[in-house]
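Text of the file coords-v6.txt, holding compact mmCIF, N, CA and C atoms:
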# COMPACT_ATOMS: atom_id res chain seq x y z
N MET A 719 0.82 -1.19 0.00
CA MET A 719 0.00 0.00 0.00
C MET A 719 0.86 1.25 0.00
N LYS A 720 1.93 1.22 0.76
CA LYS A 720 2.81 2.36 0.86
C LYS A 720 3.45 2.68 -0.50
N ASN A 721 3.82 1.65 -1.26
CA ASN A 721 4.41 1.85 -2.58
C ASN A 721 3.46 2.55 -3.54
N VAL A 722 2.18 2.26 -3.42
CA VAL A 722 1.19 2.90 -4.28
C VAL A 722 1.18 4.40 -4.04
N LYS A 723 1.20 4.81 -2.77
CA LYS A 723 1.22 6.24 -2.46
C LYS A 723 2.49 6.90 -2.97
N VAL A 724 3.62 6.24 -2.85
CA VAL A 724 4.89 6.79 -3.33
C VAL A 724 4.84 6.95 -4.84
N LYS A 725 4.33 5.94 -5.55
CA LYS A 725 4.22 6.04 -7.01
C LYS A 725 3.28 7.17 -7.41
N THR A 726 2.17 7.31 -6.71
CA THR A 726 1.23 8.38 -7.02
C THR A 726 1.88 9.74 -6.79
N LYS A 727 2.57 9.88 -5.67
CA LYS A 727 3.26 11.13 -5.37
C LYS A 727 4.34 11.40 -6.41
N GLU A 728 5.07 10.37 -6.79
CA GLU A 728 6.12 10.50 -7.79
C GLU A 728 5.53 10.88 -9.15
N SER A 729 4.44 10.24 -9.53
CA SER A 729 3.83 10.56 -10.82
C SER A 729 3.27 11.98 -10.84
N LEU A 730 2.70 12.42 -9.72
CA LEU A 730 2.21 13.79 -9.63
C LEU A 730 3.35 14.80 -9.71
N THR A 731 4.44 14.48 -9.05
CA THR A 731 5.62 15.35 -9.10
C THR A 731 6.16 15.44 -10.52
N ASN A 732 6.25 14.29 -11.18
CA ASN A 732 6.73 14.27 -12.56
C ASN A 732 5.81 15.05 -13.49
N ALA A 733 4.51 14.93 -13.29
CA ALA A 733 3.55 15.66 -14.11
C ALA A 733 3.70 17.17 -13.90
N LEU A 734 3.88 17.58 -12.65
CA LEU A 734 4.07 18.99 -12.35
C LEU A 734 5.35 19.53 -12.96
N LEU A 735 6.43 18.78 -12.81
CA LEU A 735 7.72 19.20 -13.39
C LEU A 735 7.62 19.29 -14.91
N SER A 736 6.93 18.35 -15.51
CA SER A 736 6.76 18.36 -16.95
C SER A 736 6.00 19.61 -17.39
N LYS A 737 4.95 19.96 -16.68
CA LYS A 737 4.17 21.16 -17.00
C LYS A 737 5.00 22.43 -16.84
N LEU A 738 5.85 22.46 -15.82
CA LEU A 738 6.71 23.63 -15.60
C LEU A 738 7.74 23.79 -16.71
N ARG A 739 8.10 22.69 -17.35
CA ARG A 739 9.12 22.73 -18.42
C ARG A 739 8.52 22.88 -19.80
N THR A 740 7.20 22.83 -19.92
CA THR A 740 6.59 22.91 -21.24
C THR A 740 5.66 24.10 -21.37
N GLU A 741 5.38 24.41 -22.61
CA GLU A 741 4.46 25.49 -22.96
C GLU A 741 3.56 24.95 -24.06
N THR A 742 2.32 25.38 -24.09
CA THR A 742 1.38 24.91 -25.10
C THR A 742 1.25 25.94 -26.21
N VAL A 743 1.41 25.46 -27.45
CA VAL A 743 1.21 26.30 -28.63
C VAL A 743 -0.12 25.90 -29.25
N ALA A 744 -0.99 26.88 -29.46
CA ALA A 744 -2.27 26.64 -30.12
C ALA A 744 -2.07 26.85 -31.62
N VAL A 745 -2.46 25.87 -32.42
CA VAL A 745 -2.37 25.97 -33.87
C VAL A 745 -3.76 26.34 -34.40
N ILE A 746 -3.81 27.43 -35.16
CA ILE A 746 -5.07 27.99 -35.62
C ILE A 746 -5.11 27.97 -37.15
N HIS A 747 -6.06 27.26 -37.71
CA HIS A 747 -6.20 27.24 -39.17
C HIS A 747 -7.09 28.39 -39.61
N SER A 748 -6.57 29.17 -40.54
CA SER A 748 -7.31 30.34 -41.03
C SER A 748 -7.08 30.61 -42.50
N ALA A 749 -6.17 29.88 -43.14
CA ALA A 749 -5.82 30.15 -44.52
C ALA A 749 -6.97 29.88 -45.48
N TYR A 750 -7.74 28.83 -45.24
CA TYR A 750 -8.80 28.43 -46.16
C TYR A 750 -10.18 28.37 -45.50
N GLU A 751 -10.27 28.73 -44.26
CA GLU A 751 -11.52 28.65 -43.52
C GLU A 751 -12.26 29.99 -43.56
N ASP A 752 -13.56 29.94 -43.33
CA ASP A 752 -14.36 31.17 -43.27
C ASP A 752 -13.98 32.03 -42.07
N SER A 753 -13.62 31.36 -40.98
CA SER A 753 -13.17 32.07 -39.78
C SER A 753 -12.10 31.21 -39.11
N PRO A 754 -11.18 31.85 -38.38
CA PRO A 754 -10.10 31.10 -37.73
C PRO A 754 -10.64 30.08 -36.73
N ARG A 755 -9.99 28.90 -36.67
CA ARG A 755 -10.39 27.88 -35.70
C ARG A 755 -9.16 27.17 -35.17
N THR A 756 -9.12 27.03 -33.86
CA THR A 756 -8.01 26.32 -33.22
C THR A 756 -8.22 24.84 -33.48
N VAL A 757 -7.17 24.19 -34.00
CA VAL A 757 -7.29 22.77 -34.35
C VAL A 757 -6.40 21.87 -33.51
N ALA A 758 -5.37 22.44 -32.87
CA ALA A 758 -4.46 21.58 -32.10
C ALA A 758 -3.78 22.36 -31.00
N LEU A 759 -3.43 21.62 -29.95
CA LEU A 759 -2.60 22.13 -28.86
C LEU A 759 -1.34 21.27 -28.83
N VAL A 760 -0.20 21.92 -28.97
CA VAL A 760 1.08 21.21 -29.05
C VAL A 760 1.95 21.65 -27.88
N ASN A 761 2.42 20.70 -27.10
CA ASN A 761 3.33 21.02 -26.00
C ASN A 761 4.76 21.05 -26.51
N VAL A 762 5.46 22.13 -26.17
CA VAL A 762 6.85 22.31 -26.58
C VAL A 762 7.69 22.65 -25.36
N ASN A 763 8.97 22.52 -25.48
CA ASN A 763 9.89 22.85 -24.40
C ASN A 763 9.90 24.36 -24.19
N LYS A 764 9.65 24.78 -22.97
CA LYS A 764 9.57 26.21 -22.64
C LYS A 764 10.89 26.95 -22.90
N SER A 765 12.01 26.24 -22.82
CA SER A 765 13.31 26.89 -22.98
C SER A 765 13.69 27.10 -24.45
N TRP A 766 12.94 26.54 -25.37
CA TRP A 766 13.25 26.69 -26.80
C TRP A 766 13.01 28.12 -27.25
N SER A 767 13.65 28.49 -28.35
CA SER A 767 13.41 29.80 -28.97
C SER A 767 11.99 29.82 -29.55
N THR A 768 11.47 31.00 -29.76
CA THR A 768 10.14 31.14 -30.36
C THR A 768 10.09 30.43 -31.70
N LYS A 769 11.11 30.61 -32.51
CA LYS A 769 11.15 29.98 -33.84
C LYS A 769 11.07 28.46 -33.72
N LYS A 770 11.82 27.88 -32.80
CA LYS A 770 11.83 26.43 -32.64
C LYS A 770 10.46 25.92 -32.16
N LYS A 771 9.81 26.66 -31.26
CA LYS A 771 8.47 26.29 -30.79
C LYS A 771 7.47 26.27 -31.95
N LEU A 772 7.52 27.32 -32.78
CA LEU A 772 6.59 27.43 -33.90
C LEU A 772 6.87 26.35 -34.95
N GLU A 773 8.14 26.09 -35.22
CA GLU A 773 8.49 25.07 -36.21
C GLU A 773 8.07 23.68 -35.75
N ARG A 774 8.19 23.42 -34.44
CA ARG A 774 7.76 22.12 -33.90
C ARG A 774 6.24 21.96 -34.07
N ALA A 775 5.49 23.01 -33.75
CA ALA A 775 4.04 22.96 -33.90
C ALA A 775 3.66 22.76 -35.37
N PHE A 776 4.36 23.42 -36.28
CA PHE A 776 4.11 23.27 -37.71
C PHE A 776 4.38 21.84 -38.16
N MET A 777 5.55 21.32 -37.76
CA MET A 777 5.94 19.97 -38.16
C MET A 777 4.93 18.93 -37.66
N LEU A 778 4.50 19.06 -36.41
CA LEU A 778 3.58 18.07 -35.84
C LEU A 778 2.17 18.17 -36.41
N THR A 779 1.82 19.29 -37.03
CA THR A 779 0.48 19.43 -37.61
C THR A 779 0.51 19.33 -39.13
N ASN A 780 1.47 18.57 -39.64
CA ASN A 780 1.54 18.26 -41.06
C ASN A 780 1.58 16.75 -41.22
N SER A 781 0.80 16.27 -42.17
CA SER A 781 0.77 14.83 -42.46
C SER A 781 1.88 14.49 -43.43
N ILE A 782 2.73 13.55 -43.04
CA ILE A 782 3.80 13.10 -43.92
C ILE A 782 3.56 11.63 -44.25
N GLU A 783 3.61 10.77 -43.25
CA GLU A 783 3.32 9.36 -43.45
C GLU A 783 1.95 8.98 -42.90
N ASP A 784 1.55 9.61 -41.80
CA ASP A 784 0.27 9.34 -41.17
C ASP A 784 -0.48 10.65 -40.97
N ALA A 785 -1.76 10.54 -40.71
CA ALA A 785 -2.58 11.72 -40.44
C ALA A 785 -2.08 12.39 -39.16
N TRP A 786 -1.74 13.66 -39.26
CA TRP A 786 -1.13 14.36 -38.12
C TRP A 786 -2.04 14.39 -36.90
N TYR A 787 -3.35 14.48 -37.11
CA TYR A 787 -4.28 14.65 -35.99
C TYR A 787 -4.46 13.38 -35.16
N THR A 788 -3.77 12.30 -35.53
CA THR A 788 -3.81 11.07 -34.74
C THR A 788 -2.56 10.92 -33.86
N ARG A 789 -1.67 11.90 -33.89
CA ARG A 789 -0.41 11.81 -33.13
C ARG A 789 -0.62 11.96 -31.63
N ASP A 790 0.18 11.21 -30.88
CA ASP A 790 0.14 11.29 -29.42
C ASP A 790 0.82 12.54 -28.90
N GLU A 791 1.66 13.19 -29.69
CA GLU A 791 2.42 14.35 -29.23
C GLU A 791 1.60 15.64 -29.18
N LEU A 792 0.33 15.57 -29.55
CA LEU A 792 -0.50 16.77 -29.55
C LEU A 792 -1.92 16.40 -29.18
N VAL A 793 -2.72 17.44 -28.96
CA VAL A 793 -4.14 17.25 -28.70
C VAL A 793 -4.90 17.87 -29.87
N TYR A 794 -5.60 17.03 -30.60
CA TYR A 794 -6.41 17.52 -31.72
C TYR A 794 -7.76 17.99 -31.19
N ILE A 795 -8.12 19.23 -31.50
CA ILE A 795 -9.39 19.79 -31.02
C ILE A 795 -10.19 20.40 -32.16
N GLY A 796 -9.89 19.99 -33.38
CA GLY A 796 -10.61 20.51 -34.53
C GLY A 796 -12.06 20.08 -34.54
N PRO A 797 -12.89 20.78 -35.32
CA PRO A 797 -14.33 20.51 -35.34
C PRO A 797 -14.73 19.29 -36.17
N GLU A 798 -13.84 18.79 -37.01
CA GLU A 798 -14.15 17.65 -37.88
C GLU A 798 -13.38 16.42 -37.42
N SER A 799 -13.71 15.27 -37.98
CA SER A 799 -13.01 14.03 -37.61
C SER A 799 -11.64 13.94 -38.27
N SER A 800 -11.40 14.76 -39.29
CA SER A 800 -10.09 14.83 -39.93
C SER A 800 -9.76 16.30 -40.16
N CYS A 801 -8.52 16.55 -40.58
CA CYS A 801 -8.10 17.95 -40.71
C CYS A 801 -6.94 18.06 -41.69
N ARG A 802 -6.92 19.14 -42.44
CA ARG A 802 -5.82 19.39 -43.37
C ARG A 802 -4.56 19.74 -42.59
N SER A 803 -3.44 19.71 -43.27
CA SER A 803 -2.17 20.09 -42.66
C SER A 803 -2.08 21.61 -42.51
N THR A 804 -1.26 22.05 -41.57
CA THR A 804 -1.02 23.48 -41.38
C THR A 804 -0.28 24.02 -42.60
N SER A 805 -0.69 25.21 -43.05
CA SER A 805 -0.19 25.78 -44.30
C SER A 805 0.14 27.26 -44.13
N VAL A 806 0.71 27.82 -45.19
CA VAL A 806 0.93 29.26 -45.25
C VAL A 806 -0.43 29.95 -45.07
N GLY A 807 -0.48 30.95 -44.22
CA GLY A 807 -1.72 31.66 -43.93
C GLY A 807 -2.35 31.26 -42.61
N ASP A 808 -1.91 30.12 -42.05
CA ASP A 808 -2.41 29.69 -40.74
C ASP A 808 -1.63 30.40 -39.64
N MET A 809 -2.08 30.24 -38.40
CA MET A 809 -1.47 30.95 -37.28
C MET A 809 -1.14 30.02 -36.13
N ALA A 810 -0.32 30.52 -35.23
CA ALA A 810 0.00 29.83 -33.98
C ALA A 810 0.04 30.88 -32.88
N ARG A 811 -0.43 30.47 -31.69
CA ARG A 811 -0.46 31.38 -30.54
C ARG A 811 0.31 30.75 -29.39
N LEU A 812 1.25 31.52 -28.84
CA LEU A 812 2.02 31.05 -27.69
C LEU A 812 1.27 31.37 -26.41
N GLU A 813 1.68 30.77 -25.31
CA GLU A 813 1.02 31.00 -24.02
C GLU A 813 1.09 32.46 -23.58
N ASN A 814 2.11 33.19 -24.02
CA ASN A 814 2.25 34.60 -23.63
C ASN A 814 1.30 35.52 -24.41
N GLY A 815 0.48 34.93 -25.29
CA GLY A 815 -0.49 35.71 -26.05
C GLY A 815 -0.01 36.16 -27.41
N LYS A 816 1.26 36.02 -27.70
CA LYS A 816 1.78 36.44 -29.00
C LYS A 816 1.30 35.46 -30.07
N LYS A 817 0.85 36.04 -31.19
CA LYS A 817 0.33 35.25 -32.28
C LYS A 817 1.21 35.45 -33.51
N PHE A 818 1.41 34.38 -34.25
CA PHE A 818 2.28 34.40 -35.42
C PHE A 818 1.54 33.82 -36.62
N LYS A 819 1.84 34.36 -37.80
CA LYS A 819 1.25 33.88 -39.04
C LYS A 819 2.32 33.16 -39.84
N CYS A 820 1.96 32.02 -40.40
CA CYS A 820 2.88 31.24 -41.23
C CYS A 820 2.94 31.89 -42.61
N GLU A 821 4.14 32.28 -43.01
CA GLU A 821 4.37 32.88 -44.32
C GLU A 821 5.26 31.96 -45.14
N ASN A 822 5.46 32.29 -46.41
CA ASN A 822 6.33 31.47 -47.27
C ASN A 822 7.75 31.36 -46.73
N THR A 823 8.19 32.37 -46.02
CA THR A 823 9.58 32.40 -45.55
C THR A 823 9.70 32.15 -44.05
N GLY A 824 8.65 31.69 -43.41
CA GLY A 824 8.71 31.43 -41.96
C GLY A 824 7.54 32.07 -41.25
N TRP A 825 7.75 32.38 -39.98
CA TRP A 825 6.69 32.92 -39.14
C TRP A 825 6.87 34.42 -38.93
N VAL A 826 5.76 35.16 -38.97
CA VAL A 826 5.77 36.61 -38.76
C VAL A 826 4.83 36.92 -37.60
N GLU A 827 5.34 37.69 -36.63
CA GLU A 827 4.50 38.05 -35.48
C GLU A 827 3.43 39.03 -35.92
N LEU A 828 2.22 38.80 -35.46
CA LEU A 828 1.11 39.69 -35.78
C LEU A 828 1.04 40.82 -34.76
N GLY A 829 0.57 41.97 -35.22
CA GLY A 829 0.41 43.11 -34.34
C GLY A 829 -0.79 42.91 -33.42
N MET A 830 -0.98 43.77 -32.46
CA MET A 830 -2.03 43.65 -31.47
C MET A 830 -3.42 43.58 -32.13
N ASP A 831 -3.69 44.40 -33.17
CA ASP A 831 -4.99 44.39 -33.84
C ASP A 831 -5.25 43.04 -34.50
N GLU A 832 -4.24 42.50 -35.14
CA GLU A 832 -4.38 41.22 -35.85
C GLU A 832 -4.53 40.05 -34.90
N ARG A 833 -4.02 40.16 -33.67
CA ARG A 833 -4.10 39.09 -32.70
C ARG A 833 -5.55 38.83 -32.30
N CYS A 834 -6.37 39.86 -32.36
CA CYS A 834 -7.77 39.72 -31.94
C CYS A 834 -8.60 38.97 -32.96
N LEU A 835 -8.05 38.70 -34.14
CA LEU A 835 -8.81 38.06 -35.20
C LEU A 835 -8.95 36.56 -35.06
N GLY A 836 -8.44 35.95 -34.06
CA GLY A 836 -8.57 34.50 -34.00
C GLY A 836 -8.39 34.04 -32.65

Turn this file's structure into structure tokens for me.
Amino acid sequence: MKNVKVKTKESLTNALLSKLRTETVAVIHSAYEDSPRTVALVNVNKSWSTKKKLERAFMLTNSIEDAWYTRDELVYIGPESSCRSTSVGDMARLENGKKFKCENTGWVELGMDERCLG
């Protein structure tokens, strides 16, 4: 019985430490939709650069060999049972509220007015 409590305490500690080390990036599809919609939540390492966080979210929300929305590394929250890959024109939002738009040459931070659009 005592081991069960220790494992539970250990697993809770590990979960807390994991959360402290990660940040969630919201992936928002808006390039081809009538209105922006959040389709995925991707956990990334909090210590990574903004560019690396955005690139990881982009990579994980693109289908290469399998449908991206079935991956264990993210939480799919799109409105349909399937979803297109993230493309130029889509957006990502960091936990600090900064929003970025995917362009042909990478990610561009949106201004305060544009952040309210999705």

field: Pick from A:Asp808, A:Glu821, A:Glu827, A:Glu783, whichever lies nearest to A:Ile746 using only N, CA and C atoms
entry: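 Smallest distance to A:Ile746 is found for A:Asp808.
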
task: Tell me, in Å to one decimal, how far atom CA of A:Thr756 is from atom N of A:Arg802.
output: 11.7 Å

Atomic distance atom CA of A:Gly796 - atom CA of A:Pro754, expressed in Å with one decimal: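 Rounded to one decimal, the two atoms are 11.1 Å apart.
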
task: Write out as an MDAnalysis selection string the residues lying within 10 Å of A:Tyr787, counting only C-alpha atoms and excluding same-chain residues fewer than 6 positions away.
output: chainID A and resid 757:758 778:781 793:796 799:803

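We find atom C of A:Val826 and atom N of A:Glu791 to be spaced 25.2 Å apart.
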
Residue nearest A:Thr740 - candidates A:Arg811, A:Lys816, A:Lys770, A:Lys764, atoms counted: only N, CA and C atoms: A:Lys764

- request: Could you tell me, as a PyMOL selection string, which residues of chain A DSSP assigns to strand (DSSP E or B) when given the backbone?
  value: chain A and resi 740-747+755-763+792-794+809-811+817-821+824-827

Option closest in space to A:Asn814, from A:Ser753, A:Thr742, A:Thr788, A:Asn763 [counting only C-alpha atoms]: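 Once distances to A:Asn814 are computed over only C-alpha atoms, the minimum belongs to A:Thr742.
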
message: I need the residue nearest A:Val806 from this list: A:Asn761, A:Met777, A:Ala749, A:Lys771. Use all atoms listed in the file for the distance.
response: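 Ranking A:Asn761, A:Met777, A:Ala749, A:Lys771 by distance to A:Val806, first place goes to A:Ala749.
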
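Minimum distance to A:Ser767 across A:Glu741, A:Leu828, A:Glu728, A:Lys819 (counting only C-alpha atoms) occurs at A:Glu741.
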